[in-house]
Amino acid sequence: MGTEQLESVSEFVKIDEKTIELIKQQKGGDGTKVINLVKSIEKAAEDSASDPFLIALAERAMAVQTAFEDRQTSTAEALDELIKEVESNEKRKKEQAAKGLDALGYFVLCKLTDDGIPNPDAASRKVAEAFTKFPNWQRSEAELRELRKQVTFALLHEEDNVEKVTATVDALFTLLRKSFKP
């Protein structure tokens, strides 16, 4: 990939329901569109650093770009994959809004649901409450320890399998640390 392609990346698009149309209408080849879309996703994640879904989306977009640059995927495949990711994120935002949850609350709900924690709605509400009690968890070791303890107890209230709960809590905090940068 030549530097002339990278220099042509100048226009970032907002990541929303109109993104796919804008990308399709953009001038230039699919390679430029892939790079522009990845950069736009990264910018959206940077601007909304408290949205764990956007951080995860940016990581997936970078993986698509890497595969594209390593010629493991074609330009059309890379563009298709990125468009599917944006569509999935838009669907997520609508579901999140319908449930009346913020990004953190919905992220926790999805993680608990994916991990098969019983009563994920009730458990995610308890987890969200714990996060509001410890707003400085990402900067304070003491708050982080207390928050992890409360999240673990909230999940153990619903799930008896300690190993399953521990794995979920570990994964949850690993993902959240990436999105909450002090």
# chains A, B, ... in the order shown; residues from 1 in each chain; ligands from 1

$ residues_around --residues "Asp16 (chain A)" --least-positions-apart "4" --cutoff "9 Å" --atoms "only C-alpha atoms" --output "number ranges by chain"
A: 20, 86-87, 89-90

$ write_last_selection --atoms "C-alpha atoms" --output "short mmCIF file (atom, residue, chain, number, x, y, z; two decimals), in the first residue's frame"
data_model
loop_
_atom_site.label_atom_id
_atom_site.label_comp_id
_atom_site.auth_asym_id
_atom_site.auth_seq_id
_atom_site.Cartn_x
_atom_site.Cartn_y
_atom_site.Cartn_z
CA ILE A 20 -22.86 3.29 4.99
CA VAL A 86 -21.20 -0.48 11.50
CA GLU A 87 -24.66 -1.96 10.84
CA ASN A 89 -23.31 -1.13 16.01
CA GLU A 90 -26.34 0.82 14.79
#

$ residues_around --residues "Glu143 (chain A)" --least-positions-apart "6" --cutoff "10 Å" --atoms "only C-alpha atoms" --output "PyMOL selection string"
chain A and resi 131+133-137+149

$ residues_around --residues "Leu79 (chain A)" --least-positions-apart "6" --cutoff "10 Å" --atoms "only C-alpha atoms" --output "VMD selection string"
chain A and resid 23 to 24 30 to 35 37 to 38 64 to 65 68 73 85

$ select_by_dssp --residues "chain A" --states "helix (DSSP H, G or I)" --output "ChimeraX atom specification"
/A:3-7,19-25,30-47,52-69,75-99,103-114,120-133,141-156,162-179

$ residues_around --residues "Ala63 (chain A)" --least-positions-apart "3" --cutoff "12 Å" --atoms "only C-alpha atoms" --output "list in words"
Val34, Val38, Glu42, Ala56, Leu57, Ala58, Glu59, Arg60, Thr66, Ala67, Phe68, Glu69, Asp70, Gln72, Thr73, Ala78, Glu81, Leu82 and Glu85 of chain A

$ write_last_selection --atoms "C-alpha atoms" --output "PDB file, in the first residue's frame"
ATOM      1  CA  VAL A  34     -11.648   0.939   3.821  1.00  0.00           C
ATOM      2  CA  VAL A  38     -11.364   2.441   9.783  1.00  0.00           C
ATOM      3  CA  GLU A  42     -11.139   4.878  15.443  1.00  0.00           C
ATOM      4  CA  ALA A  56     -14.432  -3.046  20.686  1.00  0.00           C
ATOM      5  CA  LEU A  57     -15.644  -1.924  17.245  1.00  0.00           C
ATOM      6  CA  ALA A  58     -12.412   0.037  16.733  1.00  0.00           C
ATOM      7  CA  GLU A  59     -10.347  -3.031  17.662  1.00  0.00           C
ATOM      8  CA  ARG A  60     -12.275  -5.171  15.160  1.00  0.00           C
ATOM      9  CA  THR A  66      -4.439  -5.353   9.218  1.00  0.00           C
ATOM     10  CA  ALA A  67      -5.829  -8.338   7.293  1.00  0.00           C
ATOM     11  CA  PHE A  68      -6.453  -6.021   4.335  1.00  0.00           C
ATOM     12  CA  GLU A  69      -2.935  -4.568   4.460  1.00  0.00           C
ATOM     13  CA  ASP A  70      -1.442  -8.060   4.773  1.00  0.00           C
ATOM     14  CA  GLN A  72      -5.343 -11.721   3.668  1.00  0.00           C
ATOM     15  CA  THR A  73      -8.660 -10.200   2.602  1.00  0.00           C
ATOM     16  CA  ALA A  78     -12.691  -5.722   4.009  1.00  0.00           C
ATOM     17  CA  GLU A  81     -16.837  -6.614   6.886  1.00  0.00           C
ATOM     18  CA  LEU A  82     -16.532  -3.017   8.080  1.00  0.00           C
ATOM     19  CA  GLU A  85     -19.696  -3.967  11.862  1.00  0.00           C
TER      20      GLU A  85
END

$ closest_atom_pairs --of "region 26-92 of chain A" --to "region 167-179 of chain A" --cutoff "7 Å" --atoms "only C-alpha atoms" --output "tab-separated table"
residue	atom	partner	partner_atom	distance
A:Ala49	CA	A:Ser179	CA	5.3
A:Ser50	CA	A:Ser179	CA	5.5
A:Asp51	CA	A:Ser179	CA	6.4
A:Pro52	CA	A:Ser179	CA	5.1
A:Ile55	CA	A:Ser179	CA	5.9

$ write_last_selection --atoms "all heavy atoms" --output "tab-separated table (two decimals), in the first residue's frame"
chain	number	residue	atom	x	y	z
A	49	ALA	N	-14.86	7.65	24.39
A	49	ALA	CA	-14.02	6.68	25.09
A	49	ALA	C	-14.77	5.93	26.19
A	49	ALA	O	-14.31	4.90	26.65
A	49	ALA	CB	-12.79	7.37	25.66
A	50	SER	N	-15.93	6.43	26.61
A	50	SER	CA	-16.65	5.72	27.66
A	50	SER	C	-17.63	4.70	27.10
A	50	SER	O	-18.36	4.08	27.86
A	50	SER	CB	-17.39	6.72	28.55
A	50	SER	OG	-18.37	7.40	27.78
A	51	ASP	N	-17.65	4.51	25.78
A	51	ASP	CA	-18.54	3.53	25.17
A	51	ASP	C	-17.74	2.27	24.83
A	51	ASP	O	-17.02	2.23	23.84
A	51	ASP	CB	-19.19	4.10	23.90
A	51	ASP	CG	-20.24	3.18	23.30
A	51	ASP	OD1	-20.22	1.97	23.60
A	51	ASP	OD2	-21.08	3.68	22.53
A	52	PRO	N	-17.86	1.23	25.67
A	52	PRO	CA	-17.07	0.02	25.44
A	52	PRO	C	-17.36	-0.65	24.11
A	52	PRO	O	-16.49	-1.30	23.54
A	52	PRO	CB	-17.43	-0.89	26.61
A	52	PRO	CG	-18.53	-0.25	27.35
A	52	PRO	CD	-18.70	1.14	26.85
A	55	ILE	N	-15.13	1.01	21.48
A	55	ILE	CA	-13.73	0.58	21.65
A	55	ILE	C	-13.55	-0.79	21.01
A	55	ILE	O	-12.60	-1.03	20.26
A	55	ILE	CB	-13.34	0.54	23.15
A	55	ILE	CG1	-13.53	1.91	23.81
A	55	ILE	CG2	-11.92	0.02	23.32
A	55	ILE	CD1	-12.71	3.03	23.23

$ closest_atom_pairs --of "region 98-118 of chain A" --to "region 155-158 of chain A" --cutoff "9 Å" --atoms "only C-alpha atoms" --output "CSV"
residue,atom,partner,partner_atom,distance
A:Leu112,CA,A:Leu155,CA,8.8
A:Ile117,CA,A:Glu158,CA,6.9
A:Pro118,CA,A:Glu158,CA,5.7

$ closest_residue --among "A:Asp80, A:Ala61, A:Gly105, A:Val162" --to "Ile41 (chain A)" --atoms "only C-alpha atoms"
A:Ala61

$ atom_distance --atom1 "CA of Glu159 (chain A)" --atom2 "CA of Glu129 (chain A)"
18.3 Å
